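For reference, target.csv (CSV, C-alpha atoms and all ligand atoms):
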```csv
chain,number,residue,atom,x,y,z
T,1,MET,CA,-73.7,-82.7,6.7
T,2,GLU,CA,-74.6,-82.0,10.3
T,3,VAL,CA,-78.3,-82.2,11.3
T,4,SER,CA,-79.8,-80.2,14.2
T,5,ALA,CA,-83.3,-81.0,15.4
T,6,THR,CA,-83.4,-78.6,18.3
T,7,ALA,CA,-82.9,-74.8,18.7
T,8,ALA,CA,-80.3,-75.4,21.5
T,9,ASP,CA,-78.2,-77.8,19.3
T,10,LEU,CA,-78.5,-75.5,16.3
T,11,LYS,CA,-77.3,-72.5,18.5
T,12,HIS,CA,-74.3,-74.6,19.6
T,13,ARG,CA,-73.3,-75.6,16.1
T,14,ILE,CA,-73.8,-72.0,14.8
T,15,SER,CA,-71.5,-70.8,17.6
T,16,GLY,CA,-68.9,-73.4,16.4
T,17,LEU,CA,-69.1,-72.0,12.8
T,18,ARG,CA,-68.8,-68.4,14.1
T,19,SER,CA,-65.8,-69.2,16.3
T,20,ARG,CA,-64.1,-70.6,13.2
T,21,GLY,CA,-64.8,-67.3,11.4
T,22,ARG,CA,-67.4,-68.7,9.0
T,23,ARG,CA,-69.7,-66.4,7.1
T,24,ILE,CA,-73.2,-68.1,7.1
T,25,ALA,CA,-75.7,-68.3,4.2
T,26,PHE,CA,-79.1,-69.7,4.9
T,27,VAL,CA,-81.8,-71.3,2.7
T,28,PRO,CA,-85.1,-72.0,4.4
T,29,THR,CA,-87.3,-74.6,2.7
T,30,MET,CA,-90.3,-76.7,3.3
T,31,GLY,CA,-88.6,-79.7,1.8
T,32,ASN,CA,-89.6,-81.8,-1.2
T,33,LEU,CA,-86.5,-80.4,-2.8
T,34,HIS,CA,-86.1,-79.9,-6.5
T,35,ALA,CA,-83.6,-78.2,-8.8
T,36,GLY,CA,-84.9,-74.8,-7.8
T,37,HIS,CA,-83.9,-75.4,-4.2
T,38,LEU,CA,-80.5,-76.8,-5.3
T,39,ARG,CA,-79.8,-73.7,-7.3
T,40,LEU,CA,-80.5,-71.7,-4.1
T,41,MET,CA,-77.9,-73.9,-2.2
T,42,GLU,CA,-75.4,-73.4,-5.0
T,43,ARG,CA,-75.9,-69.6,-5.0
T,44,ALA,CA,-75.6,-69.7,-1.2
T,45,ARG,CA,-72.2,-71.2,-1.5
T,46,GLU,CA,-71.1,-68.2,-3.6
T,47,HIS,CA,-72.0,-65.9,-0.7
T,48,ALA,CA,-70.6,-67.6,2.3
T,49,ASP,CA,-68.2,-70.3,3.7
T,50,ALA,CA,-71.0,-72.3,5.4
T,51,VAL,CA,-74.4,-73.1,4.0
T,52,VAL,CA,-77.2,-73.8,6.4
T,53,ALA,CA,-80.6,-75.1,5.2
T,54,SER,CA,-83.8,-75.8,7.0
T,55,ILE,CA,-86.7,-78.1,6.3
T,56,TYR,CA,-89.9,-77.2,8.1
T,57,VAL,CA,-93.5,-77.4,6.8
T,58,ASN,CA,-94.8,-74.3,8.6
T,59,PRO,CA,-98.4,-74.8,9.7
T,60,LEU,CA,-98.8,-71.1,10.3
T,61,GLN,CA,-98.7,-70.3,6.6
T,62,PHE,CA,-101.5,-72.7,5.6
T,63,GLY,CA,-105.1,-71.6,5.9
T,64,ALA,CA,-108.0,-73.8,6.8
T,65,GLY,CA,-108.8,-76.1,3.9
T,66,GLU,CA,-105.4,-75.7,2.3
T,67,ASP,CA,-102.9,-78.5,1.6
T,68,PHE,CA,-100.9,-78.6,4.9
T,69,ALA,CA,-101.7,-82.3,5.5
T,70,ALA,CA,-101.1,-83.2,1.9
T,71,TYR,CA,-98.0,-81.1,1.4
T,72,PRO,CA,-95.3,-83.5,0.0
T,73,ARG,CA,-92.9,-84.7,2.7
T,74,THR,CA,-89.9,-86.5,1.2
T,75,LEU,CA,-87.3,-86.4,3.9
T,76,GLU,CA,-85.0,-89.3,2.8
T,77,ALA,CA,-84.7,-88.0,-0.7
T,78,ASP,CA,-84.2,-84.4,0.6
T,79,LEU,CA,-81.3,-85.5,2.9
T,80,ALA,CA,-79.6,-87.2,0.0
T,81,GLN,CA,-79.9,-84.1,-2.2
T,82,LEU,CA,-78.6,-81.8,0.5
T,83,ARG,CA,-75.6,-84.0,1.2
T,84,ARG,CA,-74.8,-84.0,-2.5
T,85,ALA,CA,-75.2,-80.2,-2.6
T,86,ASP,CA,-72.6,-80.0,0.1
T,87,VAL,CA,-74.8,-78.3,2.6
T,88,ASP,CA,-73.0,-77.9,6.0
T,89,LEU,CA,-75.8,-77.9,8.4
T,90,LEU,CA,-79.5,-78.8,8.2
T,91,PHE,CA,-82.0,-77.5,10.8
T,92,LEU,CA,-84.9,-80.0,11.0
T,93,PRO,CA,-87.1,-78.8,13.8
T,94,SER,CA,-90.3,-80.0,15.3
T,95,ASP,CA,-93.3,-77.7,15.8
T,96,ALA,CA,-92.4,-77.4,19.5
T,97,GLU,CA,-88.9,-76.2,18.6
T,98,VAL,CA,-90.2,-73.5,16.3
T,99,TYR,CA,-93.2,-72.5,18.3
T,100,PRO,CA,-92.3,-73.4,22.0
T,101,ARG,CA,-95.4,-71.7,23.4
T,102,GLY,CA,-97.7,-73.2,20.7
T,103,GLN,CA,-98.8,-71.7,17.4
T,104,ALA,CA,-101.8,-69.9,18.8
T,105,ALA,CA,-99.6,-68.1,21.4
T,106,GLN,CA,-96.8,-67.2,19.0
T,107,THR,CA,-95.8,-63.6,18.6
T,108,PHE,CA,-96.2,-62.7,15.0
T,109,VAL,CA,-94.5,-60.4,12.5
T,110,GLU,CA,-96.6,-58.9,9.7
T,111,VAL,CA,-95.7,-56.6,6.9
T,112,PRO,CA,-98.8,-54.4,6.4
T,113,VAL,CA,-100.4,-53.7,3.0
T,114,LEU,CA,-98.1,-56.0,0.9
T,115,SER,CA,-99.3,-59.0,3.0
T,116,ASP,CA,-102.9,-58.4,2.0
T,117,ILE,CA,-102.8,-58.1,-1.8
T,118,LEU,CA,-102.4,-60.6,-4.6
T,119,CYS,CA,-101.7,-64.0,-2.9
T,120,GLY,CA,-102.4,-62.4,0.4
T,121,ALA,CA,-105.9,-61.5,-0.7
T,122,SER,CA,-106.6,-65.1,-1.7
T,123,ARG,CA,-104.8,-66.7,1.3
T,124,PRO,CA,-105.5,-64.5,4.3
T,125,GLY,CA,-102.9,-65.0,7.0
T,126,HIS,CA,-100.5,-66.8,4.7
T,127,PHE,CA,-97.8,-64.1,4.6
T,128,ARG,CA,-98.1,-63.4,8.3
T,129,GLY,CA,-97.2,-67.1,8.8
T,130,VAL,CA,-94.3,-66.8,6.4
T,131,THR,CA,-92.8,-63.6,7.9
T,132,THR,CA,-93.3,-65.0,11.4
T,133,VAL,CA,-91.5,-68.3,10.7
T,134,VAL,CA,-88.7,-66.6,8.7
T,135,ASN,CA,-88.2,-64.1,11.5
T,136,ARG,CA,-87.9,-67.0,14.0
T,137,LEU,CA,-85.6,-69.0,11.8
T,138,PHE,CA,-83.4,-65.9,11.2
T,139,ASN,CA,-83.1,-65.4,15.0
T,140,LEU,CA,-82.0,-69.0,15.5
T,141,VAL,CA,-79.7,-69.3,12.5
T,142,THR,CA,-78.3,-65.7,12.6
T,143,PRO,CA,-77.3,-65.8,8.9
T,144,ASP,CA,-75.2,-63.1,7.2
T,145,VAL,CA,-77.2,-63.7,4.0
T,146,ALA,CA,-80.4,-65.6,3.2
T,147,LEU,CA,-81.6,-66.7,-0.3
T,148,PHE,CA,-85.1,-66.9,-1.7
T,149,GLY,CA,-86.5,-67.9,-5.1
T,150,LYS,CA,-88.0,-65.1,-7.2
T,151,LYS,CA,-90.8,-67.5,-8.2
T,152,ASP,CA,-92.4,-66.5,-4.9
T,153,TYR,CA,-91.9,-62.8,-5.9
T,154,GLN,CA,-94.3,-61.4,-3.3
T,155,GLN,CA,-92.7,-63.5,-0.5
T,156,TRP,CA,-89.2,-62.4,-1.5
T,157,LEU,CA,-90.3,-58.7,-1.4
T,158,LEU,CA,-92.1,-59.1,1.9
T,159,ILE,CA,-89.0,-60.6,3.5
T,160,ARG,CA,-86.8,-57.8,2.2
T,161,MET,CA,-89.3,-55.3,3.6
T,162,MET,CA,-89.4,-57.1,7.0
T,163,VAL,CA,-85.6,-57.1,7.2
T,164,GLY,CA,-85.4,-53.4,6.2
T,165,ASP,CA,-88.2,-52.3,8.6
T,166,LEU,CA,-86.8,-54.2,11.6
T,167,GLY,CA,-83.1,-53.4,10.8
T,168,MET,CA,-82.3,-57.1,10.8
T,169,PRO,CA,-78.5,-57.7,10.0
T,170,VAL,CA,-79.0,-60.1,7.1
T,171,GLN,CA,-78.7,-59.6,3.4
T,172,ILE,CA,-81.5,-60.9,1.3
T,173,VAL,CA,-80.7,-62.4,-2.1
T,174,GLY,CA,-83.4,-63.2,-4.7
T,175,VAL,CA,-82.5,-66.0,-7.1
T,176,GLU,CA,-84.0,-66.3,-10.6
T,177,THR,CA,-86.7,-68.9,-11.1
T,178,GLU,CA,-85.6,-72.3,-12.1
T,179,ARG,CA,-87.6,-73.7,-15.0
T,180,ALA,CA,-88.2,-77.0,-16.8
T,181,ALA,CA,-87.1,-77.1,-20.4
T,182,ASP,CA,-90.7,-76.2,-21.5
T,183,GLY,CA,-90.7,-73.1,-19.3
T,184,LEU,CA,-92.8,-74.3,-16.3
T,185,ALA,CA,-91.4,-72.8,-13.1
T,186,LEU,CA,-90.3,-75.6,-10.7
T,187,SER,CA,-92.4,-76.0,-7.7
T,188,SER,CA,-93.2,-78.7,-5.1
T,189,ARG,CA,-96.9,-78.2,-6.0
T,190,ASN,CA,-96.2,-79.3,-9.7
T,191,GLY,CA,-96.5,-82.8,-8.2
T,192,TYR,CA,-100.2,-82.2,-7.9
T,193,LEU,CA,-100.6,-82.0,-11.7
T,194,SER,CA,-101.9,-85.0,-13.7
T,195,GLU,CA,-99.9,-85.9,-16.9
T,196,ALA,CA,-102.4,-84.0,-19.1
T,197,GLU,CA,-102.3,-80.9,-16.8
T,198,ARG,CA,-98.5,-81.1,-16.8
T,199,ARG,CA,-98.6,-80.7,-20.6
T,200,VAL,CA,-100.8,-77.6,-20.3
T,201,ALA,CA,-98.9,-76.0,-17.4
T,202,PRO,CA,-96.1,-74.3,-19.4
T,203,GLN,CA,-98.9,-72.1,-20.9
T,204,LEU,CA,-98.7,-70.0,-17.7
T,205,PHE,CA,-95.1,-68.9,-18.4
T,206,ALA,CA,-95.8,-68.6,-22.2
T,207,THR,CA,-98.8,-66.3,-21.5
T,208,LEU,CA,-96.9,-64.1,-19.1
T,209,SER,CA,-94.0,-63.9,-21.6
T,210,ALA,CA,-96.5,-62.9,-24.4
T,211,LEU,CA,-97.9,-60.2,-22.1
T,212,LYS,CA,-94.3,-58.9,-21.5
T,213,ASP,CA,-93.8,-58.6,-25.3
T,214,GLN,CA,-97.1,-56.8,-25.7
T,215,MET,CA,-96.2,-54.3,-23.0
T,216,GLU,CA,-92.5,-53.8,-24.1
T,217,GLU,CA,-92.9,-53.8,-27.8
T,218,GLN,CA,-96.5,-53.0,-28.7
T,219,GLY,CA,-97.2,-50.4,-25.9
T,220,ALA,CA,-100.2,-52.4,-24.7
T,221,VAL,CA,-102.6,-51.0,-22.2
T,222,PRO,CA,-102.0,-52.9,-18.9
T,223,ALA,CA,-105.7,-53.7,-18.2
T,224,GLU,CA,-106.2,-54.9,-21.7
T,225,ALA,CA,-103.0,-57.1,-21.6
T,226,GLU,CA,-104.2,-58.6,-18.3
T,227,ALA,CA,-107.6,-59.3,-19.7
T,228,ARG,CA,-106.1,-61.0,-22.8
T,229,ALA,CA,-103.8,-63.1,-20.6
T,230,ASN,CA,-106.8,-64.1,-18.4
T,231,ALA,CA,-108.8,-65.2,-21.5
T,232,THR,CA,-105.8,-67.2,-22.9
T,233,LEU,CA,-105.3,-69.0,-19.6
T,234,THR,CA,-109.0,-69.7,-19.2
T,235,GLY,CA,-109.0,-71.1,-22.7
T,236,HIS,CA,-106.3,-73.5,-21.8
T,237,GLY,CA,-108.3,-74.8,-18.8
T,238,PHE,CA,-106.7,-72.7,-16.0
T,239,ARG,CA,-108.8,-71.0,-13.4
T,240,PRO,CA,-106.9,-67.8,-12.9
T,241,ASP,CA,-106.8,-66.3,-9.4
T,242,TYR,CA,-105.1,-63.1,-10.6
T,243,ILE,CA,-102.9,-61.8,-13.4
T,244,SER,CA,-101.7,-58.4,-12.5
T,245,ILE,CA,-99.1,-56.0,-13.7
T,246,ARG,CA,-97.5,-54.3,-10.7
T,247,ARG,CA,-94.7,-51.9,-9.8
T,248,ARG,CA,-91.6,-54.0,-9.1
T,249,ALA,CA,-90.5,-52.1,-6.0
T,250,ASP,CA,-93.7,-52.6,-3.9
T,251,LEU,CA,-96.2,-54.4,-6.0
T,252,ALA,CA,-98.5,-51.3,-6.0
T,253,VAL,CA,-100.7,-50.7,-9.1
T,254,PRO,CA,-98.3,-48.8,-11.4
T,255,GLY,CA,-98.9,-45.2,-12.4
T,256,PRO,CA,-98.4,-44.2,-16.1
T,257,ARG,CA,-94.8,-43.2,-15.5
T,258,ASP,CA,-93.7,-46.3,-13.7
T,259,ALA,CA,-91.4,-48.3,-15.9
T,260,GLU,CA,-90.0,-51.1,-13.8
T,261,LEU,CA,-92.9,-53.6,-13.7
T,262,VAL,CA,-93.6,-57.2,-13.1
T,263,VAL,CA,-96.6,-59.3,-14.1
T,264,LEU,CA,-97.6,-61.8,-11.4
T,265,ALA,CA,-100.0,-64.6,-11.8
T,266,ALA,CA,-101.6,-67.3,-9.7
T,267,ALA,CA,-103.8,-69.8,-11.5
T,268,TRP,CA,-105.4,-73.1,-10.6
T,269,LEU,CA,-104.9,-76.1,-12.9
T,270,GLY,CA,-106.7,-79.1,-11.5
T,271,ARG,CA,-105.8,-79.2,-7.8
T,272,ALA,CA,-102.5,-77.3,-8.3
T,273,ARG,CA,-102.3,-73.5,-7.6
T,274,LEU,CA,-99.5,-72.4,-9.9
T,275,LEU,CA,-97.5,-69.2,-9.4
T,276,ASP,CA,-95.3,-67.4,-11.8
T,277,ASN,CA,-94.1,-63.9,-12.7
T,278,VAL,CA,-92.1,-62.1,-15.4
T,279,GLU,CA,-90.3,-58.8,-14.9
T,280,LEU,CA,-90.8,-56.2,-17.7
T,281,ASN,CA,-89.7,-52.7,-18.5
T,282,ARG,CA,-92.3,-50.3,-20.0
T,283,PRO,CA,-90.8,-47.9,-22.5
T,284,ALA,CA,-90.8,-44.3,-21.3
T,285,PRO,CA,-93.9,-42.4,-22.5
T,286,GLY,CA,-93.0,-40.5,-25.7
L,301,LIG,O1,-90.9,-70.6,0.3
L,301,LIG,C1,-91.0,-71.5,1.2
L,301,LIG,O2,-90.7,-72.7,1.0
L,301,LIG,C2,-91.6,-71.1,2.5
L,301,LIG,O3,-92.6,-70.1,2.4
L,301,LIG,C3,-90.5,-70.6,3.5
L,301,LIG,C4,-89.8,-69.4,3.1
L,301,LIG,C5,-89.5,-71.8,3.7
L,301,LIG,C6,-91.1,-70.3,4.9
L,301,LIG,O4,-91.8,-71.4,5.4
```

For this file, write the structure as structure tokens.
Amino acid sequence: MEVSATAADLKHRISGLRSRGRRIAFVPTMGNLHAGHLRLMERAREHADAVVASIYVNPLQFGAGEDFAAYPRTLEADLAQLRRADVDLLFLPSDAEVYPRGQAAQTFVEVPVLSDILCGASRPGHFRGVTTVVNRLFNLVTPDVALFGKKDYQQWLLIRMMVGDLGMPVQIVGVETERAADGLALSSRNGYLSEAERRVAPQLFATLSALKDQMEEQGAVPAEAEARANATLTGHGFRPDYISIRRRADLAVPGPRDAELVVLAAAWLGRARLLDNVELNRPAPG
């Protein structure tokens, strides 16, 4: 695996891949890699001849008082995993390479409306930081295709919208959430859970799956299903941030005829803010 630490070196290596006719797939990460990331790398390989990954803990997407300083940084283990996954090129930039004029001066990219709801409402500025860094990384890597995990459903949708709105020549692929055997969605932040909390954590997926059944099979009223899920999670010791049934296409509150839905949740368990979601199809009204 080749490693580039600067934008100039990356550009040079990308030109080399292009001159050899390689189609490039890109997986941006913040490191602390787990099986979910490795699945993204595997899927990337199916879409292209060369797989490029990046590791960069992006300060712009962390708010004041969030876990930027504590975010797990495990470079040696990450490098070993990327080599085993047969990644061709890793971009491992410093802040100065990503934001040469400084973070405060950086031109930003923001998708309106969708950036301000759900996780965006609880974490103001977070999605602006995500779309800004992904835009910058796309301009440096110039991938044909880029892959994102659907655990971060809102992020995946925002990036698709950014790419569509700006006419960026990159295909965005969403990859299904990788789960532990007990259903917990894999996430770097699971490392913040104590042993006791880790045993409770799968209840998030279990509760969302039960809500899906209520909606699909029992014709539940969305607001009532959300309230039940909220009470269930609170009973298990979570502090739900939101549990919300939304329209899959744009995460708007669904109208009565919208059938393609997704339930999204963010809930604190101890010091971990866990995210998960489950897609569901509401039967057509009779
Ligand atoms: O999902 C992540 O790890 C990050 O938000 C991303 C897409 C790498 C941007 O920093």

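Taking CA of Pro202 in chain T and CA of Leu114 in chain T as endpoints, the distance between them is 27.4 Å.
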
- Task: Grab the CA of His126 in chain T to CA of Ile159 in chain T distance for me, in Å with one decimal place.
- Result: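 Computing it gives 13.1 Å between the two atoms.
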
- Item | Exercise answer, 9 Å around ligand LIG 301 (chain L) with all atoms listed in the file, as a ChimeraX atom specification | /T:27-31,37,54-61,126-127,129-134,137,148-149,152,155-156,159,188

- Task: Go through T:Pro222, T:Gly120, T:Pro72, T:Gly270 and flag the residue nearest His34 in chain T, using only C-alpha atoms for the distances.
- Result: T:Pro72

- Message: If I take CA of Phe238 in chain T and CA of Ala267 in chain T, how far is one from the other in Å, to one decimal?
- Response: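 Value for the CA of Phe238 in chain T-CA of Ala267 in chain T distance: 6.1 Å.
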
- Query: For Ala220 in chain T, which residue among T:Ala25, T:Ala146, T:Ala5, T:Ile245 is the nearest when counting only C-alpha atoms?
  - Reply: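 Nearest candidate to Ala220 in chain T out of T:Ala25, T:Ala146, T:Ala5, T:Ile245: T:Ile245.
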
- Residue neighbourhood range 13-22 of chain T, 10 Å, all atoms listed in the file, exclusion window fewer than 3 positions, as a PyMOL selection string: chain T and resi 2-4+7-10+25+48-52+88-89+140-144

- Neighbours of Ala259 in chain T within 7 Å (only C-alpha atoms; same-chain residues fewer than 3 positions away dropped), as a list of chain:residue names?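 With the cut-off at 7 Å, the set is T:Asn281, T:Arg282, T:Pro283, T:Ala284.
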
- Distance criterion (only C-alpha atoms): nearest to Asp241 in chain T out of T:Leu158, T:Ala225, T:Arg273, T:Glu97: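 Closest residue, counting only C-alpha atoms: T:Arg273.
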
- Message: Using all atoms listed in the file, list the residues that have an atom at most 12 Å from (-105.9, -67.1, -21.5), coordinates as in the file, as a ChimeraX atom specification.
- Response: /T:200,203-208,210-211,225-240,242-243,265,267
